[in-house]
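Student: Here it is, the structure in full.
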Amino acid sequence: MRKIIACLLLGAMSQSVWALDPADQQRLNGIQQSWAHIQYELPEGQRTAAFEKLAAQASSFKQERQTVAEAWIWSGIVTSSWAGAQGGLGALSKVKDAKADLETALTLDPKALQGSAYTSLGALYDRVPGWPIGFGDSDKAEQLLKLALQMNPNGIDSLYFWGDHLYRQKRYVEARAALQKALQAAPRPGRESADVGRRKEIETLLVDVNKKLG
C-alpha cells in the first residue's frame, strides 16, 4: 500500500479565491506548503507522524469551512498522503476517508483548484487495489483524469497523473508525451517545493517510460 499511494499527492495550484477570505487563503497556503515539506523534504520515517498532525489541521479547516471545496480537497490530499506514508492494509480506511472528502468537494465546486478533486480522486482510483480489497478501478480513473485535463490541460499535476495512468495502461508513447508536457508547466507561485518534488517524480517516471520504448 505504501508504494501504491506514496506518490499521491498533489499540490493543486490556483485557488477559487472568490470562495476564500484572506484568512482562509492563508490557512490553505499553509497546509499546501506543509504538505510539500513533508512529502518531499522530510525523511521517510518521519512522514507518518507529520502527516497525521497535518491531517488534523486540514480536518479542522474542513469542518469550520464546510462549504469551501478547497478545504475538502486538501483534507483528502493530506489524508491520502498520510495513508501512503503509513502503508499496509490499515491505510485503506484513510484512503476511503480521502475519497469521501474529494467526492464532497466535487459536489461543492468541481472547478475548485482547477479541477484538482478530479485529479486526486482519479489518482486514488488508479493506485488503490481493486475489489475485494479496495475501490480501485482503472476505467474510473481514466474518466476522472480526463475531466481534470479538460479543466487544467497544462497543469503539472493533471499531466503527471495522466501520464502515470497511461504508463500503467502500457500506452508508453502517449505517456511520454504527457510527461514531457508536464515538465513544461508554468511555475506555481508559492508552490516552489511542490514543483521541484513533482518534477523529480516526472523525470523518474520518464526514465521508466523510455526503457519500455527501448
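Labeling convention for the C-alpha cells: chains A, B, ... as they appear, residues from 1 per chain, ligands from 1 in order of appearance.
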Give the alpha helix (DSSP H) residues of region 66-127 of chain A, as assigned by DSSP on the backbone, as an NGL selection string.
Tutor: :A and (69-86 or 92-108 or 116-127)
Student: Could the residues in this selection be saved with N, CA and C atoms as a CSV table (one decimal), in the first residue's frame?
Tutor:
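For reference, part-v6.csv as written:
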```csv
chain,number,residue,atom,x,y,z
A,69,ALA,N,-14.9,24.2,-1.1
A,69,ALA,CA,-14.4,23.0,-1.7
A,69,ALA,C,-12.9,22.8,-1.5
A,70,GLU,N,-12.2,23.9,-1.5
A,70,GLU,CA,-10.7,23.8,-1.4
A,70,GLU,C,-10.3,23.1,0.0
A,71,ALA,N,-11.1,23.4,1.0
A,71,ALA,CA,-10.8,22.8,2.3
A,71,ALA,C,-11.0,21.2,2.2
A,72,TRP,N,-12.0,20.8,1.6
A,72,TRP,CA,-12.3,19.4,1.4
A,72,TRP,C,-11.2,18.7,0.5
A,73,ILE,N,-10.8,19.4,-0.5
A,73,ILE,CA,-9.8,18.9,-1.4
A,73,ILE,C,-8.5,18.6,-0.6
A,74,TRP,N,-8.1,19.6,0.1
A,74,TRP,CA,-6.8,19.4,0.8
A,74,TRP,C,-6.9,18.5,2.0
A,75,SER,N,-8.1,18.3,2.6
A,75,SER,CA,-8.3,17.3,3.6
A,75,SER,C,-8.1,15.9,2.9
A,76,GLY,N,-8.7,15.8,1.7
A,76,GLY,CA,-8.5,14.5,1.0
A,76,GLY,C,-7.1,14.2,0.6
A,77,ILE,N,-6.4,15.3,0.1
A,77,ILE,CA,-5.0,15.1,-0.3
A,77,ILE,C,-4.1,14.7,0.9
A,78,VAL,N,-4.2,15.4,2.0
A,78,VAL,CA,-3.4,15.1,3.2
A,78,VAL,C,-3.7,13.7,3.8
A,79,THR,N,-5.0,13.4,3.8
A,79,THR,CA,-5.4,12.1,4.4
A,79,THR,C,-4.8,11.0,3.5
A,80,SER,N,-4.9,11.1,2.2
A,80,SER,CA,-4.4,10.0,1.3
A,80,SER,C,-2.9,10.0,1.4
A,81,SER,N,-2.2,11.1,1.6
A,81,SER,CA,-0.7,11.1,1.7
A,81,SER,C,-0.4,10.4,3.1
A,82,TRP,N,-1.1,10.7,4.1
A,82,TRP,CA,-0.9,10.0,5.4
A,82,TRP,C,-1.0,8.5,5.2
A,83,ALA,N,-2.1,8.1,4.5
A,83,ALA,CA,-2.2,6.6,4.2
A,83,ALA,C,-1.0,6.1,3.5
A,84,GLY,N,-0.5,6.8,2.5
A,84,GLY,CA,0.6,6.3,1.8
A,84,GLY,C,1.9,6.2,2.6
A,85,ALA,N,2.1,7.2,3.5
A,85,ALA,CA,3.2,7.1,4.4
A,85,ALA,C,3.1,6.0,5.4
A,86,GLN,N,1.9,5.7,5.9
A,86,GLN,CA,1.6,4.6,6.9
A,86,GLN,C,1.8,3.3,6.2
A,92,LEU,N,-6.1,1.6,4.3
A,92,LEU,CA,-7.3,1.6,3.5
A,92,LEU,C,-8.4,2.5,4.0
A,93,SER,N,-8.6,2.5,5.3
A,93,SER,CA,-9.7,3.3,5.9
A,93,SER,C,-9.4,4.7,5.7
A,94,LYS,N,-8.2,5.2,5.7
A,94,LYS,CA,-7.8,6.5,5.5
A,94,LYS,C,-8.1,6.9,4.0
A,95,VAL,N,-7.7,6.0,3.1
A,95,VAL,CA,-8.0,6.2,1.7
A,95,VAL,C,-9.4,6.4,1.4
A,96,LYS,N,-10.3,5.6,2.1
A,96,LYS,CA,-11.7,5.7,1.9
A,96,LYS,C,-12.2,7.1,2.4
A,97,ASP,N,-11.6,7.5,3.5
A,97,ASP,CA,-12.0,8.9,4.0
A,97,ASP,C,-11.6,10.0,3.0
A,98,ALA,N,-10.4,9.8,2.5
A,98,ALA,CA,-9.9,10.8,1.5
A,98,ALA,C,-10.9,10.8,0.3
A,99,LYS,N,-11.3,9.6,-0.2
A,99,LYS,CA,-12.2,9.5,-1.3
A,99,LYS,C,-13.5,10.3,-1.0
A,100,ALA,N,-14.0,10.1,0.2
A,100,ALA,CA,-15.2,10.8,0.6
A,100,ALA,C,-15.1,12.3,0.6
A,101,ASP,N,-13.9,12.8,1.1
A,101,ASP,CA,-13.6,14.2,1.1
A,101,ASP,C,-13.6,14.8,-0.3
A,102,LEU,N,-13.0,14.1,-1.2
A,102,LEU,CA,-12.8,14.6,-2.6
A,102,LEU,C,-14.2,14.5,-3.3
A,103,GLU,N,-15.0,13.5,-3.0
A,103,GLU,CA,-16.3,13.5,-3.6
A,103,GLU,C,-17.2,14.7,-3.1
A,104,THR,N,-17.0,15.0,-1.8
A,104,THR,CA,-17.8,16.1,-1.3
A,104,THR,C,-17.3,17.4,-2.0
A,105,ALA,N,-16.0,17.6,-2.2
A,105,ALA,CA,-15.5,18.7,-2.9
A,105,ALA,C,-16.1,18.9,-4.2
A,106,LEU,N,-16.3,17.8,-5.0
A,106,LEU,CA,-16.9,17.8,-6.3
A,106,LEU,C,-18.4,18.3,-6.2
A,107,THR,N,-19.1,17.9,-5.2
A,107,THR,CA,-20.5,18.4,-5.1
A,107,THR,C,-20.5,19.9,-4.8
A,108,LEU,N,-19.5,20.4,-4.1
A,108,LEU,CA,-19.5,21.8,-3.8
A,108,LEU,C,-19.0,22.7,-4.9
A,116,SER,N,-8.9,20.0,-9.3
A,116,SER,CA,-7.9,19.1,-8.6
A,116,SER,C,-8.6,18.0,-7.8
A,117,ALA,N,-9.9,18.1,-7.5
A,117,ALA,CA,-10.6,17.0,-6.9
A,117,ALA,C,-10.7,15.8,-7.9
A,118,TYR,N,-10.9,16.2,-9.2
A,118,TYR,CA,-10.9,15.1,-10.2
A,118,TYR,C,-9.5,14.4,-10.3
A,119,THR,N,-8.4,15.3,-10.3
A,119,THR,CA,-7.1,14.7,-10.4
A,119,THR,C,-6.8,13.8,-9.2
A,120,SER,N,-7.1,14.3,-8.0
A,120,SER,CA,-6.7,13.5,-6.8
A,120,SER,C,-7.6,12.2,-6.7
A,121,LEU,N,-8.8,12.3,-7.0
A,121,LEU,CA,-9.7,11.2,-7.0
A,121,LEU,C,-9.3,10.2,-8.1
A,122,GLY,N,-9.0,10.7,-9.3
A,122,GLY,CA,-8.6,9.8,-10.3
A,122,GLY,C,-7.3,9.0,-9.9
A,123,ALA,N,-6.4,9.7,-9.3
A,123,ALA,CA,-5.1,9.1,-8.8
A,123,ALA,C,-5.4,8.0,-7.8
A,124,LEU,N,-6.4,8.2,-6.9
A,124,LEU,CA,-6.7,7.2,-5.9
A,124,LEU,C,-7.3,6.0,-6.6
A,125,TYR,N,-8.2,6.2,-7.6
A,125,TYR,CA,-8.8,5.0,-8.3
A,125,TYR,C,-7.7,4.2,-9.0
A,126,ASP,N,-6.7,4.9,-9.5
A,126,ASP,CA,-5.6,4.3,-10.2
A,126,ASP,C,-4.7,3.4,-9.3
A,127,ARG,N,-4.5,3.9,-8.1
A,127,ARG,CA,-3.5,3.3,-7.2
A,127,ARG,C,-4.0,2.3,-6.1
```
Student: Just the residues within 9 Å of Ala194 (chain A), please, counting only C-alpha atoms, with nothing from its chain fewer than 6 positions along; format it as a list in words.
Tutor: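 Using only C-alpha atoms, the neighbours found are Leu10, Gly11, Gln32, Gln33, Trp35, Ala36, His37, Gln39, Tyr40 and Arg188 of chain A.
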Student: I need the residue nearest Ile31 (chain A) from this list: A:Ser193, A:Gln184, A:Ser158, A:Gln57. Use only C-alpha atoms for the distance.
Tutor: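 Looking only at the distances to Ile31 (chain A), the closest residue turns out to be A:Gln57.
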Student: Work out how far apart CA of Glu174 (chain A) and CA of Gly130 (chain A) are and give it in Å to one decimal.
Tutor: 24.4 Å
Student: Would you pick out the contacts of Arg168 (chain A) at 12 Å or less, using only C-alpha atoms, so that residues sharing its chain but fewer than 6 positions from it are not included, and give the list as a PDB file with C-alpha atoms, in the first residue's frame?
Tutor:
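Produced file around07.pdb, reproduced below:
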```pdb
ATOM      1  CA  ILE A   4       0.625   2.258  -4.245  1.00  0.00           C
ATOM      2  CA  ALA A 123      -5.143   9.091  -8.811  1.00  0.00           C
ATOM      3  CA  ASP A 126      -5.589   4.276 -10.224  1.00  0.00           C
ATOM      4  CA  ARG A 127      -3.484   3.255  -7.217  1.00  0.00           C
ATOM      5  CA  SER A 138      -8.603   1.978 -13.902  1.00  0.00           C
ATOM      6  CA  ASP A 139     -11.596   2.837 -16.097  1.00  0.00           C
ATOM      7  CA  ALA A 141      -9.508   6.644 -13.005  1.00  0.00           C
ATOM      8  CA  GLU A 142      -9.273   7.424 -16.713  1.00  0.00           C
ATOM      9  CA  PHE A 161      -1.125  11.788 -13.139  1.00  0.00           C
ATOM     10  CA  TRP A 162      -2.470  11.372 -16.686  1.00  0.00           C
ATOM     11  CA  GLU A 174       1.209   8.729 -25.039  1.00  0.00           C
ATOM     12  CA  ALA A 175       2.656   8.617 -21.535  1.00  0.00           C
ATOM     13  CA  LEU A 205       8.798   8.071 -14.434  1.00  0.00           C
ATOM     14  CA  ASP A 208      10.878   4.045 -16.876  1.00  0.00           C
ATOM     15  CA  VAL A 209       8.763   5.037 -19.885  1.00  0.00           C
ATOM     16  CA  LYS A 212       9.781   0.471 -22.142  1.00  0.00           C
TER      17      LYS A 212
END
```
Student: Interatomic distance between CA of Leu183 (chain A) and CA of Ala55 (chain A)?
Tutor: 29.0 Å
Student: Check the smallest atom-to-atom distance from each of A:Pro22, A:Pro129, A:Gly87, A:Pro189 to Arg47 (chain A) using only C-alpha atoms, then report the winner.
Tutor: A:Gly87
